[in-house]
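Data block for run-v3.txt (compact mmCIF, C-alpha atoms):
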```txt
# COMPACT_ATOMS: atom_id res chain seq x y z
CA MET O 1 9.43 -1.57 -12.52
CA LYS O 2 10.21 1.94 -11.32
CA LYS O 3 8.15 1.40 -8.18
CA ILE O 4 10.14 -1.74 -7.43
CA LEU O 5 13.42 0.14 -7.71
CA ILE O 6 12.36 2.74 -5.20
CA ASN O 7 10.96 0.21 -2.77
CA VAL O 8 14.33 -1.53 -2.78
CA LEU O 9 16.01 1.79 -2.03
CA PHE O 10 13.71 2.30 0.92
CA LEU O 11 14.82 -1.08 2.26
CA VAL O 12 18.45 0.02 2.28
CA PHE O 13 17.86 1.79 5.58
CA LEU O 14 18.35 -0.13 8.78
CA SER O 15 15.32 -0.64 10.96
CA PHE O 16 15.50 1.99 13.70
CA GLY O 17 14.51 0.10 16.84
CA ASN O 18 14.81 -3.24 18.54
CA ASN O 19 13.48 -6.41 16.97
CA VAL O 20 12.58 -8.28 20.13
CA SER O 21 10.78 -11.62 20.28
CA LEU O 22 7.30 -11.34 21.75
CA PHE O 23 7.62 -14.38 23.94
CA ALA O 24 10.21 -16.07 26.09
CA GLN O 25 10.42 -19.32 24.17
CA ASN O 26 11.25 -22.01 26.74
CA GLU O 27 9.52 -24.78 24.85
CA SER O 28 11.19 -28.08 24.09
CA GLN O 29 12.62 -28.54 20.62
CA GLU O 30 9.72 -30.79 19.63
CA VAL O 31 7.12 -28.25 20.77
CA SER O 32 9.06 -25.44 19.15
CA ASP O 33 9.14 -27.35 15.85
CA LEU O 34 5.38 -27.92 16.03
CA ILE O 35 4.78 -24.21 16.62
CA LYS O 36 6.97 -23.26 13.66
CA ALA O 37 5.13 -25.74 11.46
CA ALA O 38 1.79 -24.39 12.67
CA VAL O 39 2.82 -20.81 11.93
CA PHE O 40 3.94 -21.87 8.44
CA LYS O 41 0.53 -23.46 7.84
CA MET O 42 -1.16 -20.34 9.20
CA ASP O 43 0.82 -18.09 6.88
CA ASN O 44 -0.32 -20.20 3.95
CA GLY O 45 -3.98 -20.09 4.91
CA ASP O 46 -4.27 -23.66 6.22
CA PHE O 47 -5.79 -22.69 9.57
CA ASP O 48 -7.35 -26.06 10.44
CA GLU O 49 -4.06 -27.90 10.01
CA SER O 50 -2.34 -25.18 12.00
CA ILE O 51 -4.80 -25.63 14.87
CA LEU O 52 -4.28 -29.41 14.85
CA LEU O 53 -0.52 -28.92 15.16
CA LEU O 54 -0.97 -26.41 18.00
CA GLU O 55 -3.33 -28.77 19.83
CA LYS O 56 -0.65 -31.44 19.62
CA ALA O 57 1.91 -28.98 20.98
CA GLU O 58 -0.46 -28.00 23.80
CA LYS O 59 -0.75 -31.62 24.91
CA MET O 60 3.04 -31.72 25.24
CA ASP O 61 3.24 -28.37 27.05
CA SER O 62 -0.07 -27.25 28.52
CA LYS O 63 1.49 -24.18 30.20
CA SER O 64 3.00 -22.62 27.09
CA THR O 65 1.59 -19.12 26.53
CA TYR O 66 3.26 -19.13 23.12
CA VAL O 67 1.15 -22.09 22.01
CA LYS O 68 -2.04 -20.54 23.39
CA TYR O 69 -1.38 -17.19 21.76
CA GLU O 70 -0.72 -18.78 18.36
CA MET O 71 -3.87 -20.84 18.82
CA SER O 72 -5.91 -17.69 19.44
CA TYR O 73 -4.34 -16.13 16.37
CA ALA O 74 -5.17 -19.16 14.21
CA TYR O 75 -8.82 -18.95 15.25
CA TYR O 76 -8.70 -15.19 14.67
CA LEU O 77 -7.43 -15.67 11.12
CA LYS O 78 -10.08 -18.35 10.60
CA LYS O 79 -12.63 -15.71 11.70
CA ASP O 80 -13.79 -17.91 14.56
CA TYR O 81 -13.63 -14.90 16.86
CA ASN O 82 -15.54 -16.47 19.74
CA LYS O 83 -12.92 -19.20 20.20
CA SER O 84 -10.12 -16.66 19.85
CA ILE O 85 -11.78 -14.44 22.48
CA LYS O 86 -12.19 -17.36 24.89
CA ILE O 87 -8.47 -18.18 24.76
CA LEU O 88 -7.37 -14.54 25.03
CA ASN O 89 -9.63 -13.82 28.02
CA LYS O 90 -7.71 -16.52 29.87
CA LEU O 91 -4.33 -15.24 28.72
CA ILE O 92 -4.90 -11.67 29.94
CA LYS O 93 -5.47 -12.97 33.47
CA ARG O 94 -1.92 -14.27 33.67
CA ASN O 95 0.75 -12.35 35.56
CA ASP O 96 3.01 -12.58 32.49
CA ALA O 97 0.37 -11.24 30.10
CA LEU O 98 1.51 -9.00 27.24
CA ASP O 99 -0.13 -6.00 25.62
CA TYR O 100 -0.40 -8.07 22.43
CA TYR O 101 -3.06 -10.20 24.16
CA TYR O 102 -5.23 -7.17 24.78
CA GLN O 103 -4.62 -5.95 21.25
CA MET O 104 -5.82 -9.17 19.66
CA LEU O 105 -8.67 -9.51 22.13
CA GLY O 106 -9.97 -6.07 21.23
CA ASN O 107 -9.51 -6.78 17.53
CA ALA O 108 -11.43 -10.04 17.84
CA TYR O 109 -14.29 -8.27 19.62
CA ASP O 110 -14.32 -5.52 17.00
CA ASN O 111 -14.37 -7.95 14.09
CA ASN O 112 -17.10 -9.86 15.90
CA GLY O 113 -19.31 -6.76 15.82
CA GLU O 114 -18.75 -5.94 19.50
CA SER O 115 -16.95 -2.61 19.30
CA ASP O 116 -17.95 -1.59 22.86
CA LYS O 117 -16.23 -4.68 24.24
CA ALA O 118 -13.25 -3.97 22.01
CA ILE O 119 -12.83 -0.49 23.48
CA LYS O 120 -13.20 -1.94 26.98
CA ALA O 121 -10.49 -4.53 26.27
CA TYR O 122 -8.10 -1.86 24.98
CA ALA O 123 -8.88 0.34 28.01
CA GLU O 124 -8.06 -2.52 30.39
CA GLY O 125 -4.86 -3.10 28.47
CA ILE O 126 -3.90 0.59 28.63
CA LYS O 127 -4.49 0.57 32.38
CA ARG O 128 -2.03 -2.31 32.67
CA PHE O 129 0.34 -1.12 29.92
CA PRO O 130 0.03 2.70 29.90
CA ASN O 131 2.88 3.13 27.39
CA SER O 132 1.58 0.70 24.81
CA GLY O 133 1.22 2.70 21.60
CA LYS O 134 -0.52 -0.20 19.87
CA LEU O 135 -3.45 -0.17 22.31
CA PHE O 136 -4.05 3.55 21.76
CA LEU O 137 -3.80 2.88 18.02
CA GLU O 138 -6.40 0.13 18.10
CA THR O 139 -8.78 2.29 20.14
CA GLY O 140 -8.40 5.02 17.54
CA ASN O 141 -9.02 2.50 14.78
CA VAL O 142 -12.39 1.56 16.26
CA TYR O 143 -13.48 5.18 16.09
CA TYR O 144 -11.92 5.54 12.64
CA ASN O 145 -14.02 2.64 11.36
CA GLN O 146 -17.07 4.35 12.83
CA LYS O 147 -16.09 7.50 10.86
CA ASP O 148 -15.64 9.41 14.13
CA TYR O 149 -12.38 10.92 12.92
CA ASP O 150 -12.02 13.52 15.67
CA SER O 151 -12.12 10.80 18.34
CA ALA O 152 -9.75 8.64 16.30
CA ILE O 153 -7.21 11.48 16.10
CA ARG O 154 -7.45 12.10 19.85
CA TRP O 155 -6.55 8.47 20.55
CA TYR O 156 -3.75 8.43 17.99
CA GLU O 157 -2.30 11.56 19.58
CA LYS O 158 -2.55 9.98 23.02
CA GLY O 159 -0.66 7.05 21.54
CA VAL O 160 2.11 9.32 20.28
CA GLU O 161 2.36 10.94 23.70
CA ALA O 162 2.47 7.57 25.49
CA ASP O 163 4.80 5.80 23.06
CA PRO O 164 6.53 8.39 20.84
CA LYS O 165 8.71 5.85 19.01
CA TYR O 166 5.77 3.72 17.82
CA PRO O 167 5.23 4.66 14.14
CA SER O 168 1.67 3.52 13.43
CA ASN O 169 -0.08 6.32 15.32
CA TYR O 170 1.88 8.86 13.29
CA PHE O 171 0.88 7.13 10.06
CA ARG O 172 -2.83 7.05 10.85
CA MET O 173 -2.88 10.69 11.95
CA ALA O 174 -0.90 11.83 8.93
CA HIS O 175 -3.29 9.99 6.62
CA LEU O 176 -6.30 11.67 8.22
CA PHE O 177 -4.82 15.16 8.28
CA LEU O 178 -3.50 14.96 4.71
CA ASN O 179 -7.07 14.27 3.63
CA SER O 180 -8.47 17.22 5.60
CA ASP O 181 -8.20 21.01 5.47
CA GLN O 182 -5.48 20.87 8.14
CA GLU O 183 -2.73 19.29 6.05
CA VAL O 184 0.02 20.97 8.08
CA TRP O 185 -0.22 18.32 10.82
CA GLY O 186 -0.11 15.55 8.25
CA MET O 187 3.06 17.04 6.78
CA ILE O 188 4.77 16.92 10.17
CA TYR O 189 3.39 13.61 11.45
CA GLY O 190 3.95 12.00 8.05
CA GLU O 191 7.60 13.01 7.87
CA ILE O 192 8.23 11.85 11.43
CA PHE O 193 6.61 8.53 10.49
CA LEU O 194 8.96 8.12 7.53
CA ASN O 195 11.94 8.59 9.82
CA LEU O 196 10.61 6.00 12.27
CA GLU O 197 9.59 3.51 9.57
CA PRO O 198 11.64 4.15 6.44
CA SER O 199 11.37 0.68 4.86
CA SER O 200 7.81 -0.53 4.45
CA LYS O 201 4.96 -0.35 1.95
CA ARG O 202 3.46 2.35 4.15
CA SER O 203 6.66 4.37 3.75
CA SER O 204 6.17 4.41 -0.01
CA VAL O 205 2.53 5.49 0.40
CA MET O 206 3.44 8.30 2.80
CA SER O 207 6.26 9.56 0.58
CA GLU O 208 3.82 9.95 -2.30
CA MET O 209 1.18 11.58 -0.10
CA LEU O 210 3.61 14.22 1.18
CA TYR O 211 4.76 15.07 -2.35
CA ASN O 212 1.21 15.33 -3.66
CA THR O 213 0.17 17.55 -0.76
CA TYR O 214 2.97 19.98 -1.55
CA LYS O 215 1.88 19.93 -5.19
CA ASN O 216 -1.78 20.52 -4.33
CA GLU O 217 -1.36 23.15 -1.60
CA ILE O 218 1.31 25.35 -3.21
CA LYS O 219 -0.08 27.37 -6.11
CA PHE O 220 1.65 29.74 -8.52
CA GLU O 221 -0.78 32.20 -10.12
CA ASP O 222 0.80 34.81 -12.43
CA THR O 223 2.73 37.07 -10.04
CA VAL O 224 1.19 35.62 -6.87
CA SER O 225 2.17 32.48 -4.95
CA LYS O 226 -0.22 30.91 -2.46
CA VAL O 227 0.00 28.21 0.19
CA SER O 228 -2.88 26.48 1.90
CA PHE O 229 -1.87 23.94 4.53
CA SER O 230 -4.28 25.02 7.27
CA LYS O 231 -7.75 26.47 7.01
CA GLN O 232 -8.07 29.10 9.71
CA GLN O 233 -10.95 28.18 11.98
CA ILE O 234 -12.71 30.64 14.26
CA ASP O 235 -14.62 29.47 17.33
CA ILE O 236 -17.12 32.10 18.48
CA SER O 237 -19.09 31.95 21.73
CA TYR O 238 -21.99 34.38 21.94
CA ASP O 239 -25.36 34.97 23.56
CA PRO O 240 -28.00 33.72 21.07
CA ASP O 241 -30.54 36.15 22.54
CA LYS O 242 -28.37 39.15 21.70
CA GLU O 243 -28.00 39.86 17.99
CA ASP O 244 -25.57 42.71 18.69
CA ASP O 245 -23.35 40.33 20.66
CA LEU O 246 -22.95 38.03 17.64
CA LEU O 247 -22.23 40.97 15.33
CA ALA O 248 -19.59 42.31 17.69
CA LYS O 249 -17.94 38.88 18.04
CA LEU O 250 -17.93 38.36 14.27
CA THR O 251 -16.38 41.80 13.71
CA LYS O 252 -13.65 41.13 16.27
CA ALA O 253 -12.98 37.68 14.80
CA TYR O 254 -12.60 39.20 11.34
CA GLU O 255 -10.14 41.83 12.61
CA ASP O 256 -8.19 39.17 14.53
CA SER O 257 -8.00 37.00 11.40
CA LYS O 258 -5.99 39.76 9.69
CA ASP O 259 -3.57 40.06 12.65
CA VAL O 260 -0.74 37.58 12.08
CA SER O 261 0.25 37.65 15.76
CA LYS O 262 -3.20 36.31 16.73
CA MET O 263 -3.26 33.51 14.18
CA PRO O 264 -2.79 29.84 15.19
CA TRP O 265 0.75 28.46 14.87
CA ALA O 266 -0.11 26.66 11.64
CA ASN O 267 -1.02 29.95 9.92
CA ARG O 268 1.27 32.29 11.85
CA VAL O 269 4.45 30.21 11.53
CA TYR O 270 4.19 27.24 9.16
CA GLU O 271 2.30 28.89 6.32
CA GLN O 272 4.11 32.23 6.64
CA VAL O 273 7.53 30.55 6.57
CA MET O 274 6.43 28.30 3.71
CA LEU O 275 5.24 31.28 1.69
CA SER O 276 8.55 33.09 2.27
CA SER O 277 10.41 29.95 1.22
CA LEU O 278 8.94 29.79 -2.29
CA GLY O 279 11.30 32.39 -3.73
CA ASP O 280 11.06 32.52 -7.52
CA GLU O 281 9.79 28.97 -7.94
CA LYS O 282 7.06 28.45 -10.53
CA VAL O 283 6.62 24.66 -10.53
CA ILE O 284 6.59 21.87 -7.97
CA ASN O 285 8.96 18.97 -8.48
CA LEU O 286 11.68 17.30 -6.41
CA ALA O 287 14.29 19.89 -7.35
CA SER O 288 12.10 22.88 -6.43
CA LEU O 289 10.85 21.20 -3.26
CA ASN O 290 14.44 20.64 -2.18
CA ARG O 291 15.09 24.38 -2.56
CA ILE O 292 11.81 25.34 -0.86
CA ARG O 293 12.40 22.99 2.09
CA SER O 294 15.98 24.23 2.43
CA ASN O 295 14.75 27.83 2.50
CA PHE O 296 12.12 26.84 5.07
CA VAL O 297 14.76 25.57 7.50
CA ASP O 298 16.87 28.71 7.06
CA ILE O 299 13.97 31.13 7.56
CA TYR O 300 12.42 29.16 10.42
CA PHE O 301 15.60 29.37 12.47
CA GLU O 302 16.56 32.90 11.34
CA LYS O 303 13.18 34.09 12.64
CA ALA O 304 13.80 32.15 15.89
CA HIS O 305 10.49 30.31 15.60
CA ASN O 306 12.14 27.43 17.43
CA VAL O 307 12.42 29.50 20.62
CA GLY O 308 9.70 28.46 23.04
CA ASN O 309 7.98 26.20 20.51
CA SER O 310 10.66 23.77 19.39
CA VAL O 311 9.56 21.21 16.78
CA LEU O 312 11.78 18.13 16.84
CA LEU O 313 11.29 17.53 13.10
CA PHE O 314 12.62 20.95 12.16
CA ASP O 315 15.51 20.52 14.61
CA PHE O 316 16.34 17.26 12.84
CA GLN O 317 16.12 18.92 9.43
CA LYS O 318 18.64 21.51 10.59
CA ARG O 319 20.97 18.72 11.71
CA LEU O 320 20.71 17.18 8.25
CA LYS O 321 21.35 20.53 6.59
CA ASP O 322 24.36 21.27 8.79
CA ALA O 323 25.74 17.80 8.03
CA GLY O 324 25.34 18.38 4.27
CA TYR O 325 22.71 15.68 3.67
CA PHE O 326 19.50 17.68 3.41
CA GLU O 327 19.30 17.59 -0.40
CA THR O 328 19.64 13.81 -0.46
CA TYR O 329 17.18 13.48 2.41
CA ASN O 330 14.61 15.59 0.55
CA TYR O 331 14.94 13.53 -2.62
CA TRP O 332 14.59 10.31 -0.61
CA LEU O 333 11.71 11.60 1.49
CA LEU O 334 9.55 12.64 -1.47
CA SER O 335 10.86 10.17 -4.07
CA GLN O 336 7.62 8.25 -4.55
CA GLY O 337 5.81 11.39 -5.68
CA ASN O 338 8.05 11.72 -8.73
CA VAL O 339 9.81 8.42 -9.34
CA ASP O 340 11.29 9.32 -12.74
CA GLU O 341 12.89 12.51 -11.45
CA PHE O 342 14.30 10.68 -8.44
CA ASN O 343 15.83 7.93 -10.58
CA GLU O 344 17.46 10.51 -12.85
CA TRP O 345 18.85 12.36 -9.84
CA LEU O 346 20.12 9.11 -8.33
CA LYS O 347 22.13 8.24 -11.45
CA ASP O 348 24.28 11.32 -10.88
CA ASN O 349 24.30 11.22 -7.07
CA LYS O 350 24.91 7.59 -6.06
CA ASP O 351 27.88 8.49 -3.85
CA LYS O 352 25.85 11.19 -2.10
CA TYR O 353 23.06 8.70 -1.52
CA ASP O 354 25.39 6.07 -0.08
CA GLY O 355 26.88 8.64 2.29
CA PHE O 356 23.42 9.75 3.32
CA ILE O 357 22.37 6.17 4.12
CA TYR O 358 25.44 5.68 6.30
CA TRP O 359 24.80 8.97 8.12
CA MET O 360 21.12 8.19 8.70
CA ASN O 361 21.88 4.75 10.07
CA ASN O 362 24.11 6.39 12.68
CA ASN O 363 22.19 9.62 13.25
CA SER O 364 18.51 8.71 13.09
CA ILE O 365 15.87 11.01 14.56
CA GLN O 366 15.75 10.72 18.34
CA ILE O 367 12.30 10.93 19.96
CA ASP O 368 11.33 10.47 23.58
CA GLU O 369 8.91 11.93 26.12
CA SER O 370 10.99 15.11 26.44
CA ASN O 371 10.75 16.21 22.79
CA VAL O 372 7.72 14.38 21.36
CA PHE O 373 5.79 16.48 18.85
CA LEU O 374 2.24 17.34 19.98
CA ARG O 375 -0.01 19.91 18.30
CA LYS O 376 -1.38 21.11 21.62
CA ASN O 377 2.06 22.41 22.65
CA LEU O 378 2.24 24.93 19.80
CA ASP O 379 -0.76 27.14 20.58
CA ARG O 380 -0.52 27.57 24.33
CA ASN O 381 -0.33 31.34 24.18
```
Translate the structure of the given file into structure tokens.
Amino acid sequence: MKKILINVLFLVFLSFGNNVSLFAQNESQEVSDLIKAAVFKMDNGDFDESILLLEKAEKMDSKSTYVKYEMSYAYYLKKDYNKSIKILNKLIKRNDALDYYYQMLGNAYDNNGESDKAIKAYAEGIKRFPNSGKLFLETGNVYYNQKDYDSAIRWYEKGVEADPKYPSNYFRMAHLFLNSDQEVWGMIYGEIFLNLEPSSKRSSVMSEMLYNTYKNEIKFEDTVSKVSFSKQQIDISYDPDKEDDLLAKLTKAYEDSKDVSKMPWANRVYEQVMLSSLGDEKVINLASLNRIRSNFVDIYFEKAHNVGNSVLLFDFQKRLKDAGYFETYNYWLLSQGNVDEFNEWLKDNKDKYDGFIYWMNNNSIQIDESNVFLRKNLDRN
């Protein structure tokens, strides 16, 4: 029951973005009614009856792309991928084709065991729709399913760069990074995702993942506190025929690893600021994470880490803090990691929460091509 309560609270937020119909529906009322009935049948698993209804609608309006698309989807759900592919290959040739056609075509190929053709379909779609985040996502998913996670991440990141408001690429990257030794990127991509998609099942999953990562990567040992959000990696190029060359490179790499100024951004900035933010904390829960995250924002900006390497998420956190809503935001953001604590906090802070919801619905995070977060922009020096 506690999970249900929190999921309802997630749904309080408005959906940030436009809910636009995929198709210009110029069908007659009779055709439109047949399509609705077919979709209802489809949703209830009666694919054959759905196809019969769509065939009837197609006889009444043979030019309707809406009918043809739903037909391809019915065959797709029925796992008759060859028929779905045949319809979609005709649809993508139309001047009014949509990126959704390429998406489903690639998915049908992939599910049909033809991943090479899937990637080709997505590539053709990207050429025609270069800002379609969903086509970059699907390309990444092919590589993800092949366990080629580095390639998957590259495509997800390209998707973020091409379509920075599309949440799914953030989610997939965050999931991968939070299950790696480079959790820092998952922390950032995951929180951006939650701001773009605050009211879905995936939102609940990501909230819990972020909380658990804090809990796992911040350690309190006697008088020492430790953070581990990014394993420092050293790439060494050397002449294999010269043993002294390797020794010299290893020695220099070791010395550089102790020089904070030469560390990657994740170690030099994120982990150093996080470590300084722990203060006297000894446990991880929602209350302590609120204090830690609040300290993080203060120290990050006091040290002017935003100069030259601005991170839109941290800029947004500062806006929340300045507006007086950062505590509520932190409890909401990480609520699924400690549901009981959140519910107890909410009992005493309902008015705060209501005010926070109103503020968020009018001051949501703003992302475009000019401020999109990309890892590659942080270590250019």
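Taking CA of Tyr214 in chain O and CA of Asn362 in chain O as the two end points, the separation is 28.9 Å.
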Just give me the gap between CA of Met173 in chain O and CA of Tyr143 in chain O in Å, one decimal is fine. 12.6 Å
Write out as JSON, numbers by chain which residues come within 8 Å of Leu320 in chain O when counting only C-alpha atoms, dropping same-chain ones fewer than 5 positions away. {"O": [325, 326, 329]}
Just-selected residues, C-alpha atoms written as a PDB file, in the coordinates of the input:
```pdb
ATOM      1  CA  TYR O 325      22.710  15.680   3.670  1.00  0.00           C
ATOM      2  CA  PHE O 326      19.500  17.680   3.410  1.00  0.00           C
ATOM      3  CA  TYR O 329      17.180  13.480   2.410  1.00  0.00           C
TER       4      TYR O 329
END
```
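The interatomic distance for the pair CA of Phe316 in chain O and CA of Asn195 in chain O works out to 10.2 Å.
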Nearby residues (all atoms listed in the file) at most 6 Å from Tyr122 in chain O, same-chain spacing under 3 positions excluded, as an NGL selection string: :O and (106 or 119 or 125 or 135)
Which polymer residues have any atom within 8 Å of an atom of range 296-307 of chain O, counting all atoms listed in the file, with same-chain residues fewer than 6 positions away left out, as a PyMOL selection string? chain O and resi 269+273-274+276-277+314+317-318
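The smallest atom-to-atom distance between Lys231 in chain O and any of O:Ala121, O:Glu271, O:Lys219, O:Leu196, using only C-alpha atoms, is found for O:Glu271.
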Kindly indicate which residue among O:Glu217, O:Asp163, O:Asp96, O:Glu55 lies nearest to Ile126 in chain O, using all atoms listed in the file for the distances. O:Asp163
Determine, counting only C-alpha atoms, which protein, DNA and RNA residues have an atom within 10 Å of an atom of Glu49 in chain O; residues of the same chain fewer than 5 positions away are not included. Present the result as a short mmCIF file (atom, residue, chain, number, x, y, z; two decimals) with C-alpha atoms, in the coordinates of the input.
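Produced file part-v3.cif, reproduced below:
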```
data_model
loop_
_atom_site.label_atom_id
_atom_site.label_comp_id
_atom_site.auth_asym_id
_atom_site.auth_seq_id
_atom_site.Cartn_x
_atom_site.Cartn_y
_atom_site.Cartn_z
CA ALA O 37 5.13 -25.74 11.46
CA ALA O 38 1.79 -24.39 12.67
CA LYS O 41 0.53 -23.46 7.84
CA MET O 42 -1.16 -20.34 9.20
CA LEU O 54 -0.97 -26.41 18.00
CA GLU O 55 -3.33 -28.77 19.83
CA ALA O 74 -5.17 -19.16 14.21
#
```
Can you pull out the residues contacting Lys36 in chain O? Cut-off 12 Å, using all atoms listed in the file, and skip same-chain residues under 5 positions away; I want them as a list in words. Gln25, Glu27, Gln29, Glu30, Val31, Lys41, Met42, Asp43, Ser50, Leu53, Leu54, Ala57, Tyr66, Val67 and Glu70 of chain O
Which protein, DNA or RNA residues are at most 12 Å from (7.5, 17.7, -9.1) in the file's coordinates when you count only C-alpha atoms, listed as a PDB file with C-alpha atoms, keeping the file's coordinate frame?
```pdb
ATOM      1  CA  GLU O 208       3.820   9.950  -2.300  1.00  0.00           C
ATOM      2  CA  LEU O 210       3.610  14.220   1.180  1.00  0.00           C
ATOM      3  CA  TYR O 211       4.760  15.070  -2.350  1.00  0.00           C
ATOM      4  CA  ASN O 212       1.210  15.330  -3.660  1.00  0.00           C
ATOM      5  CA  THR O 213       0.170  17.550  -0.760  1.00  0.00           C
ATOM      6  CA  TYR O 214       2.970  19.980  -1.550  1.00  0.00           C
ATOM      7  CA  LYS O 215       1.880  19.930  -5.190  1.00  0.00           C
ATOM      8  CA  ASN O 216      -1.780  20.520  -4.330  1.00  0.00           C
ATOM      9  CA  ILE O 218       1.310  25.350  -3.210  1.00  0.00           C
ATOM     10  CA  GLU O 281       9.790  28.970  -7.940  1.00  0.00           C
ATOM     11  CA  LYS O 282       7.060  28.450 -10.530  1.00  0.00           C
ATOM     12  CA  VAL O 283       6.620  24.660 -10.530  1.00  0.00           C
ATOM     13  CA  ILE O 284       6.590  21.870  -7.970  1.00  0.00           C
ATOM     14  CA  ASN O 285       8.960  18.970  -8.480  1.00  0.00           C
ATOM     15  CA  LEU O 286      11.680  17.300  -6.410  1.00  0.00           C
ATOM     16  CA  ALA O 287      14.290  19.890  -7.350  1.00  0.00           C
ATOM     17  CA  SER O 288      12.100  22.880  -6.430  1.00  0.00           C
ATOM     18  CA  LEU O 289      10.850  21.200  -3.260  1.00  0.00           C
ATOM     19  CA  ASN O 290      14.440  20.640  -2.180  1.00  0.00           C
ATOM     20  CA  TYR O 331      14.940  13.530  -2.620  1.00  0.00           C
ATOM     21  CA  LEU O 334       9.550  12.640  -1.470  1.00  0.00           C
ATOM     22  CA  SER O 335      10.860  10.170  -4.070  1.00  0.00           C
ATOM     23  CA  GLN O 336       7.620   8.250  -4.550  1.00  0.00           C
ATOM     24  CA  GLY O 337       5.810  11.390  -5.680  1.00  0.00           C
ATOM     25  CA  ASN O 338       8.050  11.720  -8.730  1.00  0.00           C
ATOM     26  CA  VAL O 339       9.810   8.420  -9.340  1.00  0.00           C
ATOM     27  CA  ASP O 340      11.290   9.320 -12.740  1.00  0.00           C
ATOM     28  CA  GLU O 341      12.890  12.510 -11.450  1.00  0.00           C
ATOM     29  CA  PHE O 342      14.300  10.680  -8.440  1.00  0.00           C
TER      30      PHE O 342
END
```
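Among the candidates O:Arg154, O:Glu221, O:Trp332, O:Ser28, the one nearest to Ser199 in chain O when counting only C-alpha atoms is O:Trp332.
Using all atoms listed in the file, the shortest contact distance between Phe177 in chain O and any of O:Tyr189, O:Tyr353, O:Tyr69, O:Trp345 is found at O:Tyr189.
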Given the choices O:Phe136, O:Tyr144, O:Tyr81, O:Phe47, which gets closest to Glu157 in chain O if the distance is worked out from all atoms listed in the file? O:Phe136
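Closest approach to Ser203 in chain O from the set O:Gly186, O:Gly308, O:Pro130, O:Pro167 is made by O:Pro167, with distances taken over all atoms listed in the file.
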